[in-house]
$ cat final24.cif   # mmCIF, C-alpha atoms (C1' of nucleotides)
data_input
#
loop_
_atom_site.label_atom_id
_atom_site.label_comp_id
_atom_site.auth_asym_id
_atom_site.auth_seq_id
_atom_site.Cartn_x
_atom_site.Cartn_y
_atom_site.Cartn_z
CA MET C 1 -26.69 2.28 -15.60
CA ASN C 2 -25.07 5.24 -17.30
CA LEU C 3 -22.06 5.31 -19.58
CA THR C 4 -18.77 4.17 -18.03
CA ALA C 5 -15.28 4.54 -19.58
CA VAL C 6 -12.77 1.77 -18.81
CA ILE C 7 -9.22 3.01 -19.42
CA ASP C 8 -5.74 1.52 -19.57
CA PHE C 9 -2.35 3.16 -20.18
CA GLU C 10 0.92 1.65 -21.33
CA THR C 11 3.80 3.83 -20.15
CA THR C 12 7.58 4.11 -19.98
CA GLY C 13 7.54 3.39 -16.23
CA ILE C 14 5.54 3.80 -13.08
CA SER C 15 6.12 7.40 -12.08
CA PRO C 16 4.86 10.39 -14.08
CA GLY C 17 6.44 12.55 -11.39
CA GLY C 18 9.78 10.95 -12.23
CA GLY C 19 9.50 11.74 -15.93
CA ASP C 20 7.67 8.65 -17.15
CA ARG C 21 5.16 9.20 -19.95
CA ALA C 22 2.31 7.31 -21.57
CA THR C 23 3.05 5.39 -24.77
CA GLU C 24 -0.45 4.04 -25.47
CA VAL C 25 -3.98 4.64 -24.22
CA ALA C 26 -7.15 2.65 -24.74
CA ILE C 27 -10.69 3.40 -23.57
CA VAL C 28 -13.71 1.11 -23.75
CA LEU C 29 -17.14 2.68 -23.32
CA VAL C 30 -19.61 0.43 -21.50
CA GLU C 31 -23.35 0.94 -21.15
CA GLY C 32 -25.75 -1.54 -19.60
CA GLY C 33 -23.01 -4.17 -19.41
CA ARG C 34 -22.29 -3.90 -23.15
CA VAL C 35 -19.28 -2.39 -24.93
CA VAL C 36 -20.65 0.38 -27.13
CA ASP C 37 -17.45 2.05 -28.37
CA ARG C 38 -13.64 1.86 -28.27
CA PHE C 39 -10.70 4.29 -28.49
CA GLN C 40 -7.07 3.22 -28.84
CA SER C 41 -3.89 4.99 -29.91
CA LEU C 42 -0.15 4.90 -29.48
CA MET C 43 1.15 8.32 -28.39
CA ASN C 44 4.48 10.04 -28.93
CA ALA C 45 5.65 11.97 -25.87
CA GLY C 46 9.22 12.29 -27.15
CA VAL C 47 10.81 10.03 -24.53
CA ARG C 48 12.68 6.76 -24.94
CA ILE C 49 11.10 3.48 -23.90
CA PRO C 50 13.32 1.33 -21.64
CA GLY C 51 14.15 -2.10 -22.98
CA PHE C 52 12.38 -3.99 -20.25
CA ILE C 53 9.19 -2.04 -21.00
CA THR C 54 9.42 -3.03 -24.68
CA GLN C 55 9.88 -6.63 -23.54
CA LEU C 56 6.80 -6.33 -21.34
CA THR C 57 4.46 -4.53 -23.73
CA GLY C 58 5.89 -5.12 -27.20
CA ILE C 59 5.77 -1.36 -27.80
CA THR C 60 9.01 -0.16 -29.40
CA ASN C 61 10.59 3.26 -29.86
CA ALA C 62 10.01 2.93 -33.60
CA MET C 63 6.29 2.31 -33.08
CA VAL C 64 5.93 5.38 -30.86
CA ALA C 65 8.08 7.54 -33.18
CA GLY C 66 5.44 7.11 -35.86
CA ALA C 67 2.53 7.79 -33.50
CA PRO C 68 0.60 11.07 -33.12
CA ASP C 69 1.77 13.64 -30.57
CA ALA C 70 0.84 12.76 -26.98
CA ALA C 71 -1.05 16.04 -26.42
CA GLN C 72 -3.17 15.43 -29.51
CA VAL C 73 -4.00 11.86 -28.46
CA ILE C 74 -4.87 12.70 -24.86
CA GLY C 75 -7.08 15.55 -26.07
CA GLU C 76 -8.97 13.14 -28.33
CA ALA C 77 -9.19 10.64 -25.46
CA SER C 78 -10.59 13.30 -23.14
CA ARG C 79 -13.26 14.26 -25.67
CA PHE C 80 -14.08 10.57 -26.15
CA VAL C 81 -14.58 10.08 -22.40
CA GLY C 82 -16.56 13.29 -21.88
CA ALA C 83 -18.07 13.38 -18.39
CA ALA C 84 -18.24 9.59 -17.98
CA PRO C 85 -16.67 8.18 -14.80
CA LEU C 86 -13.44 6.30 -15.49
CA VAL C 87 -12.71 2.74 -14.40
CA ALA C 88 -9.25 1.16 -14.26
CA HIS C 89 -7.48 -1.77 -12.62
CA ASN C 90 -5.27 -0.21 -9.94
CA ALA C 91 -6.81 3.16 -10.77
CA SER C 92 -4.28 5.13 -8.72
CA PHE C 93 -1.75 4.31 -11.45
CA ASP C 94 -3.89 5.21 -14.48
CA ARG C 95 -5.32 8.28 -12.70
CA ARG C 96 -1.82 9.71 -12.22
CA PHE C 97 -0.97 9.28 -15.91
CA TRP C 98 -4.41 10.57 -16.99
CA GLN C 99 -3.91 13.70 -14.91
CA ALA C 100 -0.26 14.13 -15.94
CA GLU C 101 -0.85 13.74 -19.69
CA LEU C 102 -3.87 16.07 -19.59
CA SER C 103 -1.80 18.56 -17.60
CA HIS C 104 0.97 18.41 -20.23
CA ALA C 105 -1.72 19.22 -22.82
CA GLY C 106 -3.14 22.06 -20.72
CA LEU C 107 -6.42 20.24 -20.12
CA ALA C 108 -8.43 19.49 -16.97
CA ALA C 109 -9.08 16.00 -15.61
CA PRO C 110 -12.41 16.24 -13.77
CA GLN C 111 -13.55 12.62 -14.08
CA PRO C 112 -13.82 10.43 -10.94
CA PHE C 113 -12.01 7.07 -11.00
CA ILE C 114 -13.38 3.69 -9.92
CA CYS C 115 -10.84 0.95 -9.17
CA THR C 116 -11.53 -2.71 -10.03
CA LEU C 117 -8.51 -3.76 -7.95
CA LEU C 118 -9.95 -2.27 -4.75
CA LEU C 119 -13.43 -3.61 -5.56
CA SER C 120 -12.02 -7.09 -6.23
CA ARG C 121 -10.08 -7.10 -2.97
CA ARG C 122 -13.35 -6.27 -1.19
CA LEU C 123 -15.57 -8.74 -3.07
CA TYR C 124 -13.17 -11.63 -3.79
CA PRO C 125 -10.72 -11.82 -0.86
CA GLN C 126 -10.38 -15.55 -1.58
CA ALA C 127 -8.93 -14.98 -5.08
CA PRO C 128 -5.31 -16.26 -5.24
CA SER C 129 -4.13 -13.04 -6.89
CA HIS C 130 -5.68 -9.69 -7.72
CA LYS C 131 -3.61 -9.04 -10.82
CA LEU C 132 -5.90 -8.25 -13.76
CA GLY C 133 -5.07 -11.39 -15.76
CA ALA C 134 -5.37 -13.61 -12.69
CA LEU C 135 -8.82 -12.20 -11.87
CA VAL C 136 -9.94 -12.70 -15.49
CA ASP C 137 -8.87 -16.35 -15.23
CA TYR C 138 -10.40 -16.70 -11.74
CA HIS C 139 -13.82 -15.65 -13.09
CA GLY C 140 -13.46 -17.60 -16.34
CA LEU C 141 -13.70 -14.41 -18.40
CA ALA C 142 -12.41 -14.10 -21.94
CA ARG C 143 -8.83 -12.90 -22.48
CA THR C 144 -8.92 -10.42 -25.33
CA GLY C 145 -5.82 -9.74 -27.43
CA GLN C 146 -2.27 -9.35 -26.12
CA ALA C 147 -1.88 -8.75 -22.40
CA HIS C 148 0.01 -5.55 -21.53
CA ARG C 149 -1.39 -3.78 -24.56
CA ALA C 150 -3.80 -1.01 -23.69
CA LEU C 151 -6.90 -2.14 -25.57
CA ALA C 152 -6.63 -5.76 -24.48
CA ASP C 153 -6.18 -4.76 -20.83
CA ALA C 154 -9.04 -2.23 -21.03
CA GLU C 155 -11.32 -4.91 -22.51
CA MET C 156 -10.36 -7.34 -19.74
CA ALA C 157 -10.96 -4.67 -17.08
CA ALA C 158 -14.37 -4.01 -18.65
CA GLY C 159 -15.14 -7.71 -18.39
CA LEU C 160 -14.08 -7.69 -14.74
CA LEU C 161 -16.28 -4.66 -14.08
CA GLY C 162 -19.21 -6.53 -15.62
CA GLN C 163 -18.51 -9.52 -13.34
CA ILE C 164 -18.42 -7.23 -10.28
CA GLN C 165 -21.75 -5.64 -11.22
CA HIS C 166 -23.26 -9.09 -11.90
CA ASP C 167 -22.14 -10.39 -8.50
CA LEU C 168 -23.51 -7.32 -6.73
CA ARG C 169 -26.88 -7.88 -8.39
CA VAL C 170 -27.06 -11.68 -8.00
CA ARG C 171 -25.14 -12.46 -4.81
CA HIS C 172 -25.78 -9.29 -2.88
CA ARG C 173 -29.16 -8.38 -4.40
CA VAL C 174 -28.14 -4.84 -5.25
CA ALA C 175 -30.71 -3.84 -7.85
CA ARG C 176 -28.65 -1.07 -9.48
CA PRO C 177 -24.89 -1.17 -8.77
CA ASP C 178 -24.35 2.39 -9.99
CA HIS C 179 -21.25 4.58 -9.87
CA ALA C 180 -22.09 6.00 -6.45
CA LEU C 181 -22.25 2.53 -4.91
CA LEU C 182 -19.00 1.45 -6.61
CA MET C 183 -17.26 4.59 -5.35
CA ALA C 184 -18.58 3.89 -1.83
CA LEU C 185 -17.53 0.23 -2.02
CA GLN C 186 -13.96 1.01 -3.01
CA ARG C 187 -13.68 3.39 -0.05
CA CYS C 188 -15.39 0.99 2.32
CA ALA C 189 -13.54 -0.99 4.98
CA ARG C 190 -14.18 -4.71 4.54
CA ALA C 191 -15.89 -4.96 7.93
CA ALA C 192 -18.55 -2.45 6.81
CA LEU C 193 -19.05 -3.99 3.37
CA GLY C 194 -22.04 -6.15 4.26
CA THR C 195 -23.87 -3.29 5.93
CA LEU C 196 -23.35 -1.01 2.94
CA MET C 197 -24.52 -3.59 0.39
CA ALA C 198 -27.51 -4.57 2.53
CA ARG C 199 -28.54 -0.93 2.66
CA HIS C 200 -28.42 -0.70 -1.14
CA ALA C 201 -30.16 -4.07 -1.53
CA ASP C 202 -33.06 -2.81 0.58
CA ALA C 203 -33.28 0.47 -1.31
"C1'" DT X 204 26.71 10.67 -5.04
"C1'" DG X 205 22.73 8.24 -4.30
"C1'" DC X 206 18.23 7.79 -4.83
"C1'" DC X 207 14.13 7.49 -7.46
"C1'" DA X 208 5.71 6.06 -6.95
"C1'" DG X 209 1.75 5.94 -4.53
"C1'" DG X 210 -2.41 4.07 -2.55
"C1'" DC X 211 -4.28 0.35 -0.14
"C1'" DC X 212 -4.24 -3.57 3.03
"C1'" DC X 213 -2.54 -6.73 6.59
"C1'" DT X 214 0.09 -7.80 10.67
"C1'" DC X 215 4.51 -9.36 14.43
"C1'" DT X 216 0.26 -2.65 14.27
"C1'" DT X 217 -1.72 1.90 14.90
"C1'" DT X 218 4.06 7.20 16.84
"C1'" DA X 219 5.47 1.03 11.49
"C1'" DG X 220 6.85 -1.93 8.11
"C1'" DG X 221 6.22 -4.66 4.24
"C1'" DG X 222 3.56 -6.76 0.33
"C1'" DC X 223 0.50 -6.10 -3.61
"C1'" DC X 224 -0.58 -3.86 -7.98
"C1'" DT X 225 0.08 -0.84 -12.03
"C1'" DT X 226 4.37 -0.01 -16.35
#
$ encode --input "final24.cif" --output "structure tokens"
Amino acid sequence: MNLTAVIDFETTGISPGGGDRATEVAIVLVEGGRVVDRFQSLMNAGVRIPGFITQLTGITNAMVAGAPDAAQVIGEASRFVGAAPLVAHNASFDRRFWQAELSHAGLAAPQPFICTLLLSRRLYPQAPSHKLGALVDYHGLARTGQAHRALADAEMAAGLLGQIQHDLRVRHRVARPDHALLMALQRCARAALGTLMARHADA
DNA sequence: TGCCAGGCCCTCTTTAGGGCCTT
């Protein structure tokens, strides 16, 4: 399997269209089920962090004030990712901030996104919750670092991605769960899931 | 002044509504 970049943002809120900005980004590069490199940085977008966000993430205004400029950080992050497909938990959220921060920096965002939340809903409908931490516990995966910090969440999402690929290989006999299959799975209605995986298992 | 996301999924549905998930 080729290089995959698992990404997580910490932000000032949930809506880049409403003025929210990223405060931290982390990217974990995965190849062949193994973490081969990491990128993490706080980023200063010049906006205040609401108190409840600081309570959630531990990221303070003082921490961000001393961080590099957001445009500089997102440019470095983009170069780090290159052409690798991006993976995130609830990717619609991280994709919006990825596109918004790159747009602020005058850069393009051509990478496709794969969503571990959508994949988990397809593959593990019996899981009690599909929050990232709950899925990590459900699969008995390692919790790395402080939850709601970008690198820790990116590492946990990378672990979840590895579990998904393992289950596709072992349970569904998909020899090579590549990006194209993952993209197809996350778009796939649950009723058609078995047919799709059987087709790839036979291939 | 009041409001403030967006994509996906499920159900009491499909010309809709509400919950989940991300910060």
$ interface_residues --input "final24.cif" --of "chain C" --to "chain X" --cutoff "8 Å" --atoms "all atoms listed in the file" --output "JSON, numbers by chain"
{"C": [10, 11, 12, 13, 14, 15, 17, 18, 53, 89, 90, 92, 93, 94, 117, 118, 130, 131]}
$ resolve_selection --input "final24.cif" --expression "the PyMOL selection byres ((chain C and resi 166) around 12)" --output "PDB file with C-alpha atoms, keeping the file's coordinate frame"
ATOM      1  CA  GLY C  32     -25.750  -1.540 -19.600  1.00  0.00           C
ATOM      2  CA  GLY C  33     -23.010  -4.170 -19.410  1.00  0.00           C
ATOM      3  CA  LEU C 123     -15.570  -8.740  -3.070  1.00  0.00           C
ATOM      4  CA  HIS C 139     -13.820 -15.650 -13.090  1.00  0.00           C
ATOM      5  CA  GLY C 159     -15.140  -7.710 -18.390  1.00  0.00           C
ATOM      6  CA  LEU C 160     -14.080  -7.690 -14.740  1.00  0.00           C
ATOM      7  CA  LEU C 161     -16.280  -4.660 -14.080  1.00  0.00           C
ATOM      8  CA  GLY C 162     -19.210  -6.530 -15.620  1.00  0.00           C
ATOM      9  CA  GLN C 163     -18.510  -9.520 -13.340  1.00  0.00           C
ATOM     10  CA  ILE C 164     -18.420  -7.230 -10.280  1.00  0.00           C
ATOM     11  CA  GLN C 165     -21.750  -5.640 -11.220  1.00  0.00           C
ATOM     12  CA  ASP C 167     -22.140 -10.390  -8.500  1.00  0.00           C
ATOM     13  CA  LEU C 168     -23.510  -7.320  -6.730  1.00  0.00           C
ATOM     14  CA  ARG C 169     -26.880  -7.880  -8.390  1.00  0.00           C
ATOM     15  CA  VAL C 170     -27.060 -11.680  -8.000  1.00  0.00           C
ATOM     16  CA  ARG C 171     -25.140 -12.460  -4.810  1.00  0.00           C
ATOM     17  CA  HIS C 172     -25.780  -9.290  -2.880  1.00  0.00           C
ATOM     18  CA  ARG C 173     -29.160  -8.380  -4.400  1.00  0.00           C
ATOM     19  CA  VAL C 174     -28.140  -4.840  -5.250  1.00  0.00           C
ATOM     20  CA  ALA C 175     -30.710  -3.840  -7.850  1.00  0.00           C
ATOM     21  CA  ARG C 176     -28.650  -1.070  -9.480  1.00  0.00           C
ATOM     22  CA  PRO C 177     -24.890  -1.170  -8.770  1.00  0.00           C
ATOM     23  CA  ASP C 178     -24.350   2.390  -9.990  1.00  0.00           C
TER      24      ASP C 178
END
$ atom_distance --input "final24.cif" --atom1 "atom CA of Pro110 of chain C" --atom2 "atom CA of Trp98 of chain C"
10.3 Å
$ atom_distance --input "final24.cif" --atom1 "atom CA of Glu31 of chain C" --atom2 "atom CA of Leu3 of chain C"
4.8 Å
$ residues_around --input "final24.cif" --residues "segment 149-158 of chain C" --least-positions-apart "4" --cutoff "6 Å" --atoms "only C-alpha atoms (C1' of nucleotides)" --output "list in words"
Val6, Ile7, Asp8, Phe9, Glu10, Val25, Ala26, Thr57, Thr144 and Gly145 of chain C
$ residues_around --input "final24.cif" --residues "Ala62 of chain C" --least-positions-apart "6" --cutoff "12 Å" --atoms "only C-alpha atoms (C1' of nucleotides)" --output "PyMOL selection string"
chain C and resi 23+42-44+46-49+54
